[in-house]
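Enquirer: My questions will all concern the structure given below.
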Amino acid sequence: MPEIYPINDYGPIMPGLVMGMVAIVHVFLAQFAVGGGILLCYFQWLKMTGRNENAGKFVDGYFKVLVLISFVLGALTGVAIWFTAIQVSAGTIGAMVLNFHWLWATEWTFFCLEISAGYCFYRYQDRLSDRISIWLLGIYAFAAWMSLFLINGILSWQLTSGNWLQTKSVADGFFNPSFWPSLLFRTVVSVTLAALAACVVINLMSIDRQAKAKLIHKASLLLVPMMLMPLLGVWFLAVMPGDSRSWVLGGSPAMMLFLSISIGSSLLIGSYTIIGLVIKNLFINGVTATLLLILAFGATAGGEFVREGARKPFSIRQVLYSNSIRPDDVARLREVGCLADDPYPLKTTLTFPNEQLRDGAKVFRRQCAVCHTVSGTNGVTHLTSTWDADQMRMNMAKLQQTKPFMPPFAGTATELEALVQFLRWSHDGTPKAWDESKQLIVIQQIQTWLDEAGTKPGNYKQYETLTGGDE
Amino acid sequence: MDSVFPFGFPTPTAFYLVLYVLTFVLHQALMHYVLAGSGYLAWCNLVPGAGDTPRTFQPLAAILRDWMPFALSAAITAGVAPLLFVQIVYPTAFYTANLLLWWRWMVVIPILIVAFYLLYLVKSRRYSTWSFPVRTLIAVFIAASFLFVGFCWTANHLISMHQSTWPEIYESGNIAISSIEVTLRVCIWAGGAVPTMCIMAAWQLSAQDNGETRVEERRLGRAALGGLSVATVAGVVYLFQLDELSRGLILGSFGSIYLGIAVVGVILQVVLWSMVLRNRPTRPQLAIVTVGTLLSLIGMSVLREAIRISHLDLNLLLEDHKMAWEIGGFSLFLIMALVNFAIIGLCVVMVRRGLKSKTAE
Ligand code: HEM
């Protein structure tokens with residue numbers, strides 16, 4: 001039996017969007033922390049080997065920023081992401097916890113290590129020798145990167161589950177096809193963010209411009225790995241499932257937009273920093289550095305949206321649809337209906353003229369609300385405003401063919417008719433009177449369409465040939 | 001459920017339950033320090049005392065201010081582990097309660113962020129230069145925030161236990177939990193937080209080892225005894241107020257040993273803290289209080305679980321636990337936990353040695 005969770009009405013903000021926001025902030029901060037650890041080791045080494053006289057002062061200031069930002073915001077947005085993920089799809093987080101709880105528990109031990117080593121350094125470094133300091137920093141950086149390593153395995157599994165589908169082995173799920181490109185990509189992003197943040201911090205230090213320029217030049221060395229990004233990006237696209245790839249690369253205008261934002265911002269940062277800082281050894285002031293960081297935030301945001309969006313219609317590929325219905329469960333729900341085991345009444349101020357409309361609203365809540373609102377953002381009444389009743393019936397019965405990034409309809413023909421009536425009633429401004437639609441012939445027609453569509457997920461290839469590939 | 005916790009359950013269920021309880025005890029201990037510590041700091045501002053140095057500027061408050069940000073970091077980090085295991089043991093109940101509370105649950109995060117930054121502010125040198133009302137306002141706000149966060153966890157916990165109320169809570173949006181039950185639970189953990197904080201702070205004070213902290217040691221003793229009284233009275237009332245089934249589990253073979261452990265812990269604490277009121281505590285005495293505190297924490301955590309188990313039918317979840325149990329990765333966790341906690345120990349040793357050799361120079 002699948003678990004049925006209460007579904008909240010988040011109003012015009014869709015849960016996916018909220019999730020995206022929290023995720024972006026957290027990913028940005030977490031990657032800053034990972035890169036920051038590596039960068040600090042490097043500067044501590046510069047200090048110890050006498051390569052830069054201000055490196056020690058920089059390490060001091062930078063670590064304070066790191067502690068204030070990553071220990072507080074980083075840690076708590078991490079908890080926030082967990083809580084938000086539960087709101088968005090408890091089923092998804094439940095499946096991830098179930099399958100990878102030991103990896104998560106392992107990550108937790110690295111998290112403890114990161115906090116402990118970091119705090120030892122933060123508290124006592126001015127009274128410790130350089131040698132002990134660099135050990136503490138090294139442990140801190142290693143632990144931080146290891147949590148990236150571990151979490152990356154779980155997140156990339158959501159998109160490319162690889163052999164795990166057959167073997168169900170944790171190792172197969174963890175070292176899935178997108179594991180390595182994704183890990184390397186995130187590591188490069190991490191040091192990039194850390195280096196850009198370093199430029200901001202250096203500008204805030206009270207040393208002369210000459211000295212600042214020297215530090216900036218050292219920091220900019222960590223921007224060089226950015227040159228690998230296009231390569232890693234292509235690698236990542238290559239291992240992505242074909243349908244996700246074609247969706248990102250043109251199937252969905254929104255995804256294209258996010259991808260372009262991400263690539264565009266990265267290119268801007270990359271060319272500016274490589275040419276300006278590394279090759280020409282130019283100075284970069286605080287404002288520019290901050291702007292570059294904001295651009296980097298944009299790039300992260302674009303990337304995370306693509307990562308979130310590219311999984312549709314799944315939240316875990318082949319395992320769970322975004323609406324928390326399991327692919328294996330669709331056939332059963334076509335028989336028994338999706339309302340039979342839903343204990344939650346509707347939470348609404350609307351007065352429904354008849355029970356069918358109430359059922360329709362429930363079907364919408366269970367199957368569509370995770371990606372759509374009724375008439376707000378991505379509102380179905382807008383999307384279908386030009387369709388007649390039969391078009392709605394057919395396109396929703398064949399939902400996975402209408403758009404392959406939607407899951408198949410998982411309910412009975414009667415429930416689908418209820419949904420259609422509910423949407424039409426909403427479109428017409430929820431009038432007081434509305435006739436129930438009970439014609440047998442309509443239900444039979446819907447059943448035929450449902451049978452034609454089958455219970456399997458849609459196929460992007462087929463969609464491309466049907467429509468000629470254009471949107 | 002005629003066997004002692006956790007032996008009546010199949011191995012997987014017992015295993016995850018024990019892990020949950022152990023990690024929860026860790027979270028609880030650190031959270032108690034944060035909760036009661038911030039409470040003490042607020043109280044110091046409100047009741048500065050008649051002596052030359054206001055309480056806010058005496059060593060105990062200074063130590064607490066100094067350690068509070070780290071303690072919160074540690075409490076949050078320690079909270080992640082039971083957060084993971086609670087999702088294995090009671091997934092549906094935990095998630096549903098989260099969803100039903102929705103924004104009332106999510107506010108925990110921004111509140112913690114604000115309180116966290118305020119702790120750093122309070123720790124900064126600037127803080128002591130501010131006027132009394134500002135200082136007091138901040139300190140009280142911080143303490144109230146933590147109290148509220150704890151309340152949210154209690155609300156979530158209670159909702160998760162009462163499955164039959166879920167549809168109604170969903171429809172009406174009203175949190176249908178008994179205010180008596182909430183109040184008693186809050187009294188238990190808020191009262192119980194005080195002695196836990198007191199023993200940790202007593203160790204910290206004794207490390208300073210100057211004669212000036214005697215007054216504060218006695219203050220800790222009085223606070224600990226006060227907190228223990230509140231928690232004990234609330235605990236006894238709660239026990240009688242519970243339904244037949246829960247009380248049966250606690251008093252029966254399932255929980256009575258743990259009730260005994262908790263009581264022994266409380267007695268140890270009461271006796272030793274009473275001695276602290278008269279004489280300076282020795283290290284062995286502090287060690288006994290520590291053991292007593294741990295015993296109460298463990299005992300109470302199991303009893304807390306007994307109440308939940310009496311409400312939720314674990315039998316329906318045994319299959320899920322078995323499924324989780326069969327999934328690989330435990331040995332990786334075990335090895336990495338040993339290695340990483342060893343490295344943490346190493347860091348501490350390294351820092352201690354480093355500090356010693358610096359002072360020797
Ligand atoms: C200072 C902040 C916090 C305070 C004061 C606090 C307090 C509490 C209290 C009082 C309880 C027990 C509730 C009851 O049994 O009635 C609890 C449970 C718990 N807390 Fe915390 N907490 C804090 C932060 C956190 C954070 C950030 C996390 C997660 C990372 C967390 C994880 C947990 C978990 C998993 C439980 C057990 C929940 C259950 O079994 O139902 N806590 N907390």
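Ordered as shown in the structure tokens, chains take letters A, B, and onward, while each chain numbers its residues from 1 and ligands are numbered from 1 in the order shown.
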Which residues, written as a short mmCIF file (atom, residue, chain, number, x, y, z; two decimals) with N, CA, C and O atoms, in the first residue's frame, have at least one atom at most 12 Å from stretch 236-251 of chain B, with only C-alpha atoms counted and residues fewer than 5 positions away on the same chain left out?

Expert:
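Everything below was put into part_19.cif:
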data_model
loop_
_atom_site.label_atom_id
_atom_site.label_comp_id
_atom_site.auth_asym_id
_atom_site.auth_seq_id
_atom_site.Cartn_x
_atom_site.Cartn_y
_atom_site.Cartn_z
N MET B 1 3.87 -6.72 24.07
CA MET B 1 5.09 -6.03 24.49
C MET B 1 5.38 -6.30 25.96
O MET B 1 5.30 -5.44 26.81
N ASP B 2 5.70 -7.58 26.19
CA ASP B 2 5.96 -7.99 27.57
C ASP B 2 7.45 -7.99 27.88
O ASP B 2 7.86 -8.26 29.01
N SER B 3 8.29 -7.76 26.84
CA SER B 3 9.72 -7.79 27.10
C SER B 3 10.24 -6.37 27.33
O SER B 3 9.62 -5.39 26.95
N VAL B 4 11.41 -6.33 27.92
CA VAL B 4 12.09 -5.06 28.15
C VAL B 4 12.43 -4.40 26.82
O VAL B 4 12.83 -5.09 25.88
N PHE B 5 12.25 -3.09 26.74
CA PHE B 5 12.66 -2.37 25.54
C PHE B 5 14.13 -2.63 25.29
O PHE B 5 14.92 -2.55 26.22
N MET B 161 1.82 11.31 16.82
CA MET B 161 1.34 10.14 17.57
C MET B 161 -0.15 9.89 17.41
O MET B 161 -0.62 8.80 17.67
N SER B 178 -3.67 18.28 23.08
CA SER B 178 -4.15 18.67 24.41
C SER B 178 -3.16 19.63 25.06
O SER B 178 -1.96 19.36 25.12
N ILE B 180 -2.89 20.43 28.11
CA ILE B 180 -2.32 19.89 29.35
C ILE B 180 -1.10 19.03 29.02
O ILE B 180 -0.03 19.16 29.63
N GLU B 181 -1.26 18.20 28.00
CA GLU B 181 -0.16 17.31 27.62
C GLU B 181 1.06 18.12 27.18
O GLU B 181 2.19 17.84 27.57
N VAL B 182 0.80 19.15 26.35
CA VAL B 182 1.91 19.98 25.88
C VAL B 182 2.60 20.63 27.08
O VAL B 182 3.84 20.59 27.20
N THR B 183 1.81 21.21 27.96
CA THR B 183 2.40 21.92 29.10
C THR B 183 3.25 20.98 29.95
O THR B 183 4.38 21.32 30.33
N LEU B 184 2.73 19.79 30.21
CA LEU B 184 3.48 18.86 31.03
C LEU B 184 4.78 18.45 30.36
O LEU B 184 5.85 18.41 30.97
N ARG B 185 4.70 18.19 29.06
CA ARG B 185 5.93 17.79 28.34
C ARG B 185 6.95 18.92 28.36
O ARG B 185 8.13 18.69 28.59
N VAL B 186 6.46 20.15 28.11
CA VAL B 186 7.39 21.28 28.11
C VAL B 186 8.03 21.42 29.49
O VAL B 186 9.24 21.64 29.61
N CYS B 187 7.23 21.25 30.54
CA CYS B 187 7.80 21.35 31.89
C CYS B 187 8.86 20.28 32.10
O CYS B 187 9.89 20.52 32.72
N ILE B 188 8.61 19.09 31.56
CA ILE B 188 9.60 18.03 31.75
C ILE B 188 10.92 18.37 31.07
O ILE B 188 11.98 18.33 31.69
N SER B 229 13.14 19.40 40.35
CA SER B 229 11.83 19.34 41.00
C SER B 229 10.71 19.57 39.99
O SER B 229 9.72 18.82 39.96
N VAL B 230 10.88 20.60 39.17
CA VAL B 230 9.84 20.89 38.17
C VAL B 230 9.63 19.68 37.27
O VAL B 230 8.50 19.22 37.05
N ALA B 231 10.74 19.13 36.75
CA ALA B 231 10.63 18.01 35.81
C ALA B 231 10.01 16.79 36.50
O ALA B 231 9.18 16.09 35.91
N SER B 256 9.59 -0.45 32.91
CA SER B 256 9.83 -0.16 34.34
C SER B 256 11.32 -0.08 34.68
O SER B 256 11.72 0.73 35.52
N ILE B 257 12.14 -0.88 33.98
CA ILE B 257 13.57 -0.79 34.26
C ILE B 257 14.09 0.61 33.94
O ILE B 257 14.88 1.18 34.68
N TYR B 258 13.56 1.16 32.84
CA TYR B 258 14.03 2.49 32.44
C TYR B 258 13.50 3.56 33.39
O TYR B 258 14.17 4.55 33.66
N LEU B 259 12.29 3.32 33.88
CA LEU B 259 11.76 4.23 34.90
C LEU B 259 12.70 4.19 36.10
O LEU B 259 13.08 5.24 36.66
N GLY B 260 13.11 2.97 36.46
CA GLY B 260 14.06 2.82 37.57
C GLY B 260 15.36 3.56 37.29
O GLY B 260 15.87 4.29 38.15
N ALA B 262 15.88 6.08 35.35
CA ALA B 262 15.67 7.54 35.42
C ALA B 262 15.60 7.99 36.88
O ALA B 262 16.19 9.00 37.25
N VAL B 263 14.89 7.22 37.69
CA VAL B 263 14.74 7.61 39.09
C VAL B 263 16.10 7.58 39.81
O VAL B 263 16.46 8.51 40.54
N GLY B 299 16.96 7.05 30.52
CA GLY B 299 15.70 6.51 31.02
C GLY B 299 14.51 7.26 30.46
O GLY B 299 13.57 6.66 29.91
N MET B 300 14.56 8.57 30.53
CA MET B 300 13.44 9.38 30.06
C MET B 300 13.23 9.23 28.56
O MET B 300 12.11 9.24 28.07
N SER B 301 14.32 9.10 27.81
CA SER B 301 14.18 8.98 26.36
C SER B 301 13.47 7.69 25.98
O SER B 301 12.68 7.66 25.03
N VAL B 302 13.76 6.62 26.72
CA VAL B 302 13.07 5.36 26.43
C VAL B 302 11.60 5.46 26.83
O VAL B 302 10.71 5.01 26.09
N LEU B 303 11.33 6.08 27.97
CA LEU B 303 9.93 6.22 28.39
C LEU B 303 9.14 7.06 27.39
O LEU B 303 7.98 6.78 27.07
N ARG B 304 9.81 8.10 26.88
CA ARG B 304 9.19 8.94 25.86
C ARG B 304 8.83 8.09 24.65
O ARG B 304 7.75 8.25 24.06
N GLU B 305 9.71 7.16 24.32
CA GLU B 305 9.46 6.27 23.18
C GLU B 305 8.32 5.31 23.50
O GLU B 305 7.52 4.97 22.62
N ALA B 306 8.25 4.87 24.74
CA ALA B 306 7.19 3.94 25.13
C ALA B 306 5.82 4.57 24.86
O ALA B 306 4.90 3.91 24.37
N ILE B 307 5.71 5.86 25.17
CA ILE B 307 4.43 6.53 24.94
C ILE B 307 4.09 6.53 23.45
O ILE B 307 2.97 6.23 23.04
N ARG B 308 5.10 6.84 22.64
CA ARG B 308 4.84 6.87 21.19
C ARG B 308 4.47 5.48 20.68
O ARG B 308 3.55 5.31 19.88
N ILE B 309 5.22 4.48 21.16
CA ILE B 309 4.97 3.12 20.69
C ILE B 309 3.57 2.65 21.06
O ILE B 309 2.92 1.92 20.32
N SER B 310 3.08 3.12 22.22
CA SER B 310 1.73 2.70 22.61
C SER B 310 0.66 3.32 21.71
O SER B 310 -0.45 2.83 21.62
N HIS B 311 1.01 4.43 21.04
CA HIS B 311 0.02 5.07 20.16
C HIS B 311 0.11 4.61 18.71
O HIS B 311 -0.88 4.58 18.01
N LEU B 312 1.32 4.35 18.27
CA LEU B 312 1.49 3.99 16.86
C LEU B 312 1.70 2.49 16.78
O LEU B 312 2.47 1.93 17.55
#

Enquirer: Residues of chain B within 6 Å of chain A, counting only C-alpha atoms, what are they? List them as a ChimeraX atom specification.

Expert: /B:99,167,171,324,328-330,333,337,344,354

Enquirer: Using N, CA, C and O atoms, can you export the residues from the last selection as a compact mmCIF listing (two decimals), in the first residue's frame?

Expert:
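Dumped to out_29.txt:
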# COMPACT_ATOMS: atom_id res chain seq x y z
N LEU B 99 3.83 17.88 7.55
CA LEU B 99 2.97 18.46 6.50
C LEU B 99 1.78 19.16 7.13
O LEU B 99 1.36 20.22 6.65
N PRO B 167 -6.89 13.75 9.61
CA PRO B 167 -7.79 14.37 8.63
C PRO B 167 -8.44 15.64 9.17
O PRO B 167 -8.55 16.64 8.46
N GLU B 171 -8.17 19.42 7.63
CA GLU B 171 -9.31 20.17 7.14
C GLU B 171 -9.46 21.52 7.85
O GLU B 171 -9.65 22.55 7.22
N ALA B 324 14.73 -1.71 5.28
CA ALA B 324 15.85 -0.79 5.52
C ALA B 324 17.08 -1.55 5.99
O ALA B 324 18.20 -1.30 5.55
N GLY B 328 22.36 -2.18 2.07
CA GLY B 328 23.77 -2.15 2.46
C GLY B 328 24.24 -0.77 2.91
O GLY B 328 23.57 0.24 2.72
N GLY B 329 25.42 -0.77 3.50
CA GLY B 329 26.05 0.48 3.85
C GLY B 329 26.38 0.62 5.33
O GLY B 329 27.12 1.51 5.72
N PHE B 330 25.84 -0.30 6.15
CA PHE B 330 26.06 -0.15 7.58
C PHE B 330 27.53 -0.25 7.96
O PHE B 330 28.04 0.52 8.77
N PHE B 333 29.27 2.90 7.34
CA PHE B 333 28.96 3.87 8.38
C PHE B 333 29.76 3.59 9.65
O PHE B 333 30.36 4.49 10.23
N ALA B 337 32.37 6.08 11.09
CA ALA B 337 32.05 6.69 12.38
C ALA B 337 33.24 6.53 13.32
O ALA B 337 33.67 7.49 13.96
N ILE B 344 38.29 13.28 15.41
CA ILE B 344 37.82 14.38 16.25
C ILE B 344 38.60 14.38 17.57
O ILE B 344 39.08 15.42 18.03
N GLY B 354 49.08 21.58 21.66
CA GLY B 354 49.56 22.82 21.03
C GLY B 354 49.44 23.99 21.98
O GLY B 354 50.36 24.80 22.12

Enquirer: Using backbone DSSP assignments, extract all alpha helix (DSSP H) residues from stretch 8-108 of chain B; output them as a count of residues only.

Expert: 83

Enquirer: Measuring between only C-alpha atoms, which one of B:Pro91, B:Gly292, B:Phe24, B:Arg280 shows the shortest distance to B:Asn210?

Expert: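 Distance minimum relative to B:Asn210 lands on B:Arg280.
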
Enquirer: To one decimal place in Å, what is the distance between atom CA of B:Gly49 and atom CA of B:Pro195?

Expert: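 Rounded to one decimal, the two atoms are 21.5 Å apart.
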
Enquirer: Could you pull the residues within 9 Å of stretch 30-46 of chain A, counting only C-alpha atoms, minus those fewer than 6 positions along the same chain, as a ChimeraX atom specification?

Expert: /A:52-53,55-56,58-59,62-63,66-67,69-71,74-75,78,130,133-135,137-148,186-195,197-198,218-219,222

Enquirer: Write out as a list of chain:residue names each polymer residue whose atoms come within 7 Å of A:Gln401, counting only C-alpha atoms; drop sequence neighbours fewer than 2 positions from it.

Expert: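 Result of the neighbour search: A:Lys398, A:Leu399, A:Lys403, A:Pro404, A:Gly458, A:Tyr463.
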
Enquirer: Find the distance between atom CA of B:Ala81 and atom CA of B:Thr23 and write it in Å to one decimal.

Expert: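 Atom-to-atom, atom CA of B:Ala81 to atom CA of B:Thr23, that is 6.0 Å.
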
Enquirer: Report the distance between atom CA of A:Ala289 and atom CA of A:Met256 in Å, rounded to one decimal place.

Expert: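 Distance reported for this atom pair: 27.3 Å.
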
Enquirer: May I ask which of the residues A:Ile81, A:Phe422, A:Thr288, A:Lys57 is the closest one to ligand 1, counting only C-alpha atoms and all ligand atoms?

Expert: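 Ranking A:Ile81, A:Phe422, A:Thr288, A:Lys57 by distance to ligand 1, first place goes to A:Ile81.
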
Enquirer: Point out the residue among A:Ser252, A:Gln444, A:Gln421, A:Thr92 with the least atom-to-atom distance to A:Asp388, counting only C-alpha atoms.

Expert: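 Checking each candidate against A:Asp388, we get A:Gln421 as the closest.
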
Enquirer: Between B:Val276, B:Gly235, B:Ser179, B:Val122, which has the minimum distance to B:Arg219 (counting only C-alpha atoms)?

Expert: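 Among B:Val276, B:Gly235, B:Ser179, B:Val122, it is B:Val276 that comes nearest to B:Arg219.
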
Enquirer: Just the residues within 10 Å of B:Val140, please, counting only C-alpha atoms, with nothing from its chain fewer than 4 positions along; format it as a ChimeraX atom specification.

Expert: /B:38-43,45-46,134-136,144-145

Enquirer: Nearest to ligand 1 among B:Lys123, B:Lys322, B:His157, B:Arg222, with distances taken over only C-alpha atoms and all ligand atoms: which residue is it?

Expert: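 Smallest separation from ligand 1 among the options: B:His157.
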
Enquirer: Nearest to ligand 1: which of B:Gly150, B:Pro281, B:Gly226, B:Gly192 is it, counting only C-alpha atoms and all ligand atoms?

Expert: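 Nearest to ligand 1: B:Gly150.
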